[in-house]
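Undergrad: Structure provided below as structure tokens; questions to follow.
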Amino acid sequence: MKTLFFLLQKEFTQIFRDTVILRMIMAVPVVQLLILPLAADYEIKNINITVIDHDHSFFSRDLTSRIMASGYFRLSGFGQSFNEGFAQMETDKTDLVLEIPPSFEKDLVNGEKGKLFIAVNAINGTKANIGAVYLNRIIAQFNQNIRAEMAPAPKMAALPTIEITNLNWFNKYLDYPHFMVPGILVLLVTMVGALMCSLNIVKEKEIGTIEQINVTPIRKHHFILGKLIPFWVIGMFVFSVGLFLIARLVYGIVPQGSILLLYGFLSIYLVAVMGVGLIISTYANTQQQAMSLAFFFLMIFILMSGLFTPIDSMPEWAKWIARFNPVTWFIEVMRMIVLKGSGFHHIRLHFLVITGFAIFFNAWAILNYKKTS
Amino acid sequence: MADVILQNITKTYNKGETRAVNDVSFAVEKGELFGLIGPDGAGKTSIFRILSTLLLADSGTAKVNGFDVVKDYRSIRNQVGYMPGKFSLYQDLTVEENLSFFATVFNSTIEENYGLIKDIYVQIEPFKTRRAGKLSGGMKQKLALCCALIHRPTVLFLDEPTTGVDAVSRKEFWEMLKRLKEQGITILVSTPYMDEATLCERIALIQNGSVISIGTPENIISHFPKKLLSAKSGQMSRLLTHIRQFPETASCFSFGDAHHVTFSENKNQMNELLVFLKTKNHHDVEIKEITPTIEDCFIDLMK
């Protein structure tokens with residue numbers, strides 16, 4: 001016990017002396033949480049549209065102003081011909097080209113079918129898709145309005161229409177940060193656990209201090225605990241800063257569920273990811289190697305975690321990878337507790353799985369440590 | 001009983017391809033200052049790492065303080081001090097923090113064994129609040145020695161403590177070792193500098209992982225099998241070529257400001273050599289018989 005105390009004392013002295021690490025610990029959660037949720041927004045806005053209006057009629061102008069009034073689009077210009085619009089698309093000045101034929105109003109008034117042409121720049125598939133959907137919706141609404149205006153009243157009543165009302169549960173205003181912030185918090189603690197912890201151990205290897213430690217009576221478990229505990233504390237700290245300072249004060253996110261439950265899960269989760277860090281440190285001999293290894297795993301962990309893309313829409317094999325990814329489980333738990341207010345009985349499985357991960361990773365790391373000595 | 005005993009220790013790397021330590025056996029008596037002398041890559045560090053329980057030998061047994069390095073490694077770690085060749089203290093901790101850290105992990109304090117390190121520590125004490133990484137090479141060496149001594153070890157392993165240290169600090173360092181020896185600490189030290197060999201009580205010359213000679217420096221020198229001559233002239237490089245051309249020359253090497261020469265027949269053919277050199281237009285040659293140094297012995301044994 002006394003040895004461990006001295007090791008911890010040494011470890012904290014070193015961490016507090018390293019101004020770069022200290023600044024990282026303080027600044028990273030703040031910066032990441034302030035920038036990422038606002039920037040990594042799926043709601044697509046500012047879609048550039050070019051309107052080629054051959055009709056120059058009341059209807060065509062009405063349609064254009066409705067599109068602009070929706071707030072999703074930005075008019076990048078009117079063109080005289082489709083080729084002109086296409087040239088704009090080629091130079092990436094516009095994402096969508098809407099062509100209104102010369103007889104648009106006339107055809108509609110005469111009761112014939114009106115035709116519109118939409119060209120989509122599909123280089124950014126998501127933006128193109130969503131833009132086209134928005135545009136279609138606006139045109140459909142426009143269409144309905146014309147029909148309402150032009151059709152005689154009794155006929156109108158006979159038309160069966162379905163009206164849909166949405167109610168968004170758990171995130172009432174579809175506020176994007178509400179969805180992202182809990183996930184990004186998970187990334188932050190994962191970085192602290194896996195990356196910082198492994199770098200710290202490998203540094204001792206690289207400088208050779210581990211040799212000096214190995215010839216002392218310090219036992220292996222003392223050494224490992226002396227490394228894990230400081231980063232466990234730092235992980236807790238970073239998480240708290242993110243949750244109470246940034247999420248609550250900046251985004252107004254107040255966890256719906258029990259904070260105690262959240263911290264309970266976090267404490268086991270940190271042990272699991274630090275296990276990953278330990279494994280990395282047993283294989284890497286230099287900080288550079290550790291960095292590359294950690295980045296490789298973190299990239300996979302993050303991209304396959306359901307933070308950015310829903311796991312349900314992944315192919316079956318990818319779903320399996322996601323299931324073996326501790327980050328996935330914590331992100332799910334975060335969203336469940338913070339947004340939904342889930343209780344312990346909802347996340348029993350998650351607790352079981354993450355405990356399994358913690359035991360598995362740490363056992364692997366310790367076994368590998370013994371082998372290399 | 002000897003404090004350090006090695007018996008037929010062999011260590012290979014790269015799955016047996018590189019033989020770093022080859023069937024090495026020797027013993028270091030209690031309170032002895034024993035030197036492992038050999039060039040870089042001779043296997044000195046591997047021997048140290050085996051003795052300080054950091055490395056497992058492929059075969060053979062080694063004992064420190066009567067404890068087996070494999071079975072009783074934990075007892076050994078409590079009783080030995082090891083100073084690796086590379087400075088391996090915490091560069092971001094101060095001199096004092098490093099020292100007290102290593103004292104505490106041995107369940108000791110600086111005060112408890114201050115007497116042992118006092119002579120050395122007073123030299124670095126003015127810098128005790130400086131970070132170890134910011135010390136000069138000689139200071140680092142002294143700090144590392146203090147840290148290795150702070151738990152009053154009975155055996156001290158020093159792996160090339162004087163490599164990369166200036167001549168004055170080297171001399172000081174050896175004087176410190178002598179004082180430690182007087183305190184009854186067994187010291188095993190390695191060095192690539194042959195001139196430091198005579199500062200040890202006994203030495204083992206080691207080359208390519210094998211011990212080629214062992215004994216007191218005087219003993220090894222007295223076993224030098226031949227007469228050794230030193231030759232000097234105004235044209236040293238021509239002289240070297242021509243001495244080597246002399247048919248009876250066994251070896252001729254440049255040693256500082258002179259050439260050291262041995263003959264194949266163990267006779268004194270000094271006069272014949274002088275005559276031979278005269279025919280090669282050397283007129284100012286100065287030849288005299290000298291006592292060999294450890295380096296001469298090493299070169300002779302290497303063949």
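Labels used: A, B, ... for chains in the order of the structure tokens, numbers from 1 for residues in each chain, and numbers from 1 for ligands as shown.
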Taking the backbone alone, and naming residues the way the document does, which bits of segment 73-213 of chain B are strand (DSSP E or B) by DSSP, as a list of chain:residue names?
TA: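 Output for segment 73-213 of chain B, strand (DSSP E or B) only: B:Val80, B:Gly81, B:Tyr82, B:Met83, B:Thr94, B:Arg131, B:Val155, B:Leu156, B:Phe157, B:Leu158, B:Thr186, B:Ile187, B:Leu188, B:Val189, B:Ser190, B:Thr191, B:Arg202, B:Ile203, B:Ala204, B:Leu205, B:Ile206, B:Gln207, B:Ser210, B:Val211, B:Ile212, B:Ser213.
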Undergrad: Any chance you could tabulate, as CSV, the residues of chain A at most 6 Å from chain B with each one's nearest atom pair and distance in Å to one decimal, using only C-alpha atoms, in chain and rising number order?
TA:
residue,atom,partner,partner_atom,distance
A:Thr3,CA,B:Val105,CA,5.8
A:Gly208,CA,B:Ser88,CA,5.0
A:Thr209,CA,B:Ser88,CA,4.6
A:Val215,CA,B:Arg77,CA,5.2
A:Thr216,CA,B:Arg77,CA,5.3
A:Pro217,CA,B:Arg77,CA,5.5
Undergrad: Please produce a file of the residues just selected, as a PDB file, in the first residue's frame, where the atoms kept are N, CA and C atoms.
TA:
ATOM      1  N   THR A   3       3.930   1.541  -1.012  1.00  0.00           N
ATOM      2  CA  THR A   3       4.612   1.662  -2.300  1.00  0.00           C
ATOM      3  C   THR A   3       3.700   2.328  -3.309  1.00  0.00           C
ATOM      4  N   GLY A 208      13.819   4.429 -20.378  1.00  0.00           N
ATOM      5  CA  GLY A 208      14.596   3.423 -19.660  1.00  0.00           C
ATOM      6  C   GLY A 208      14.329   3.411 -18.174  1.00  0.00           C
ATOM      7  N   THR A 209      13.433   4.292 -17.717  1.00  0.00           N
ATOM      8  CA  THR A 209      13.154   4.339 -16.281  1.00  0.00           C
ATOM      9  C   THR A 209      12.503   3.052 -15.799  1.00  0.00           C
ATOM     10  N   VAL A 215      14.288  -3.082 -11.165  1.00  0.00           N
ATOM     11  CA  VAL A 215      15.258  -3.640 -10.223  1.00  0.00           C
ATOM     12  C   VAL A 215      14.948  -3.265  -8.771  1.00  0.00           C
ATOM     13  N   THR A 216      13.871  -2.516  -8.579  1.00  0.00           N
ATOM     14  CA  THR A 216      13.467  -2.213  -7.206  1.00  0.00           C
ATOM     15  C   THR A 216      12.425  -3.250  -6.766  1.00  0.00           C
ATOM     16  N   PRO A 217      12.102  -3.284  -5.490  1.00  0.00           N
ATOM     17  CA  PRO A 217      11.105  -4.274  -5.049  1.00  0.00           C
ATOM     18  C   PRO A 217       9.678  -3.930  -5.476  1.00  0.00           C
TER      19      PRO A 217
END
Undergrad: Find the residues near Thr94 of chain B: any atom within 6 Å, counting only C-alpha atoms, skip ones fewer than 4 places away on the same chain, and give them as a list in words.
TA: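 Answer for this query is Thr129, Arg130, Arg131 and Ala132 of chain B.
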Undergrad: Determine which residues of segment 34-155 of chain B receive a DSSP assignment of alpha helix (DSSP H), computed from the backbone, and state them as a PyMOL selection string.
TA: chain B and resi 44-51+73-79+95-105+114-124+137-149
Undergrad: Do a neighbour search on Ile214 of chain B at 9 Å with only C-alpha atoms, toss out local chain neighbours closer than 6 positions, and write the hits as a list in words.
TA: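 In the requested form, the answer reads Phe26, Arg202, Ile203, Ala204, Leu205, Ile206 and Ile220 of chain B.
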Undergrad: List every residue of segment 192-272 of chain A that has an atom at most 12 Å from any atom of segment 12-22 of chain A, giving for each one its closest atom pair and the distance in Å to one decimal, counting only C-alpha atoms, sorted by chain and then by ascending residue number, as CSV.
TA:
residue,atom,partner,partner_atom,distance
A:Val192,CA,A:Ile21,CA,10.5
A:Leu195,CA,A:Ile21,CA,11.8
A:Met196,CA,A:Ile21,CA,8.8
A:Cys197,CA,A:Ile15,CA,11.3
A:Leu199,CA,A:Ile21,CA,11.2
A:Asn200,CA,A:Ile15,CA,9.5
A:Glu204,CA,A:Gln14,CA,11.9
A:Gly226,CA,A:Phe12,CA,9.7
A:Lys227,CA,A:Phe12,CA,9.8
A:Leu228,CA,A:Phe12,CA,11.6
A:Ile229,CA,A:Phe12,CA,10.0
A:Pro230,CA,A:Phe12,CA,6.9
A:Phe231,CA,A:Phe12,CA,9.7
A:Val233,CA,A:Phe12,CA,10.5
A:Ile234,CA,A:Leu22,CA,10.0
A:Val238,CA,A:Leu22,CA,11.2
Undergrad: List the spatial neighbours of segment 4-8 of chain B as a list in words - criterion: any atom at most 7 Å away, only C-alpha atoms, same-chain residues fewer than 3 positions off excluded.
TA: Asp23, Val24, Ser25, Phe26, Ala27, Val28, Glu29, Gly60, Thr61, Ala62, Lys63, Val64 and Asn65 of chain B
Undergrad: Which residues come within 12 Å of segment 313-320 of chain A, counting only C-alpha atoms, excluding same-chain residues fewer than 4 positions away, as an MDAnalysis selection string?
TA: chainID A and resid 300:301 303:306 308:309 324:325 328
Undergrad: For Phe117 of chain A, list every protein, DNA or RNA residue within 8 Å, evaluated using only C-alpha atoms, and leave out those in the same chain fewer than 5 positions away; present the list as a PyMOL selection string.
TA: chain A and resi 97-100
Undergrad: Atom CA of Glu218 of chain B and atom CA of Gly85 of chain B are how many Å apart?
TA: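 Separation of atom CA of Glu218 of chain B and atom CA of Gly85 of chain B: 27.1 Å.
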Undergrad: Atom CA of Phe360 of chain A and atom CA of Ile25 of chain A, how far apart in Å?
TA: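 Atom-to-atom, atom CA of Ile25 of chain A to atom CA of Phe360 of chain A, that is 27.4 Å.
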Undergrad: Taking only C-alpha atoms into account, produce a table as JSON lines in which each residue of segment 77-194 of chain A with an atom at most 10 Å from an atom of segment 48-56 of chain A appears once, together with its shortest atom pair and the distance in Å to one decimal, ordered by chain and rising number.
TA:
{"residue": "A:Gly77", "atom": "CA", "partner": "A:Thr50", "partner_atom": "CA", "distance": 5.1}
{"residue": "A:Phe78", "atom": "CA", "partner": "A:Val51", "partner_atom": "CA", "distance": 5.0}
{"residue": "A:Gly79", "atom": "CA", "partner": "A:Ile52", "partner_atom": "CA", "distance": 4.8}
{"residue": "A:Gln80", "atom": "CA", "partner": "A:Ile52", "partner_atom": "CA", "distance": 6.0}
{"residue": "A:Ser81", "atom": "CA", "partner": "A:Ile52", "partner_atom": "CA", "distance": 6.2}
{"residue": "A:Phe82", "atom": "CA", "partner": "A:Ile52", "partner_atom": "CA", "distance": 6.5}
{"residue": "A:Asn83", "atom": "CA", "partner": "A:Ile52", "partner_atom": "CA", "distance": 9.7}
{"residue": "A:Glu84", "atom": "CA", "partner": "A:Ile52", "partner_atom": "CA", "distance": 8.6}
{"residue": "A:Gly85", "atom": "CA", "partner": "A:Thr50", "partner_atom": "CA", "distance": 6.3}
{"residue": "A:Phe86", "atom": "CA", "partner": "A:Thr50", "partner_atom": "CA", "distance": 9.1}
{"residue": "A:Gln88", "atom": "CA", "partner": "A:Thr50", "partner_atom": "CA", "distance": 8.1}
{"residue": "A:Met89", "atom": "CA", "partner": "A:Thr50", "partner_atom": "CA", "distance": 8.7}
{"residue": "A:Asp92", "atom": "CA", "partner": "A:Asn48", "partner_atom": "CA", "distance": 9.4}
{"residue": "A:Lys93", "atom": "CA", "partner": "A:Asn48", "partner_atom": "CA", "distance": 7.3}
{"residue": "A:Thr94", "atom": "CA", "partner": "A:Asn48", "partner_atom": "CA", "distance": 4.8}
{"residue": "A:Asp95", "atom": "CA", "partner": "A:Asn48", "partner_atom": "CA", "distance": 5.2}
{"residue": "A:Leu96", "atom": "CA", "partner": "A:Ile49", "partner_atom": "CA", "distance": 4.7}
{"residue": "A:Val97", "atom": "CA", "partner": "A:Thr50", "partner_atom": "CA", "distance": 4.8}
{"residue": "A:Leu98", "atom": "CA", "partner": "A:Val51", "partner_atom": "CA", "distance": 4.9}
{"residue": "A:Glu99", "atom": "CA", "partner": "A:Ile52", "partner_atom": "CA", "distance": 4.7}
{"residue": "A:Ile100", "atom": "CA", "partner": "A:Asp53", "partner_atom": "CA", "distance": 5.0}
{"residue": "A:Pro101", "atom": "CA", "partner": "A:His54", "partner_atom": "CA", "distance": 5.4}
{"residue": "A:Pro102", "atom": "CA", "partner": "A:Asp55", "partner_atom": "CA", "distance": 4.0}
{"residue": "A:Ser103", "atom": "CA", "partner": "A:Asp55", "partner_atom": "CA", "distance": 6.1}
{"residue": "A:Phe104", "atom": "CA", "partner": "A:Asp55", "partner_atom": "CA", "distance": 6.3}
{"residue": "A:Glu105", "atom": "CA", "partner": "A:Asp55", "partner_atom": "CA", "distance": 7.3}
{"residue": "A:Lys106", "atom": "CA", "partner": "A:Asp55", "partner_atom": "CA", "distance": 9.1}
{"residue": "A:Phe117", "atom": "CA", "partner": "A:Ile52", "partner_atom": "CA", "distance": 9.6}
{"residue": "A:Ile118", "atom": "CA", "partner": "A:Val51", "partner_atom": "CA", "distance": 9.5}
{"residue": "A:Ala119", "atom": "CA", "partner": "A:Thr50", "partner_atom": "CA", "distance": 9.8}
{"residue": "A:Val120", "atom": "CA", "partner": "A:Ile49", "partner_atom": "CA", "distance": 9.5}
{"residue": "A:Gly131", "atom": "CA", "partner": "A:Asn48", "partner_atom": "CA", "distance": 9.1}
{"residue": "A:Leu135", "atom": "CA", "partner": "A:Ile49", "partner_atom": "CA", "distance": 9.9}
Undergrad: Mind pulling up the distance from atom CA of Pro217 of chain B to atom CA of Leu180 of chain B?
TA: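 Separation of atom CA of Leu180 of chain B and atom CA of Pro217 of chain B: 20.1 Å.
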Undergrad: Go through B:Leu135, B:Cys146, B:Val189, B:Met194 one by one, measure the shortest atom-to-atom distance of each to Ile299 of chain B using only C-alpha atoms, and give the residue with the smallest value.
TA: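 Looking only at the distances to Ile299 of chain B, the closest residue turns out to be B:Met194.
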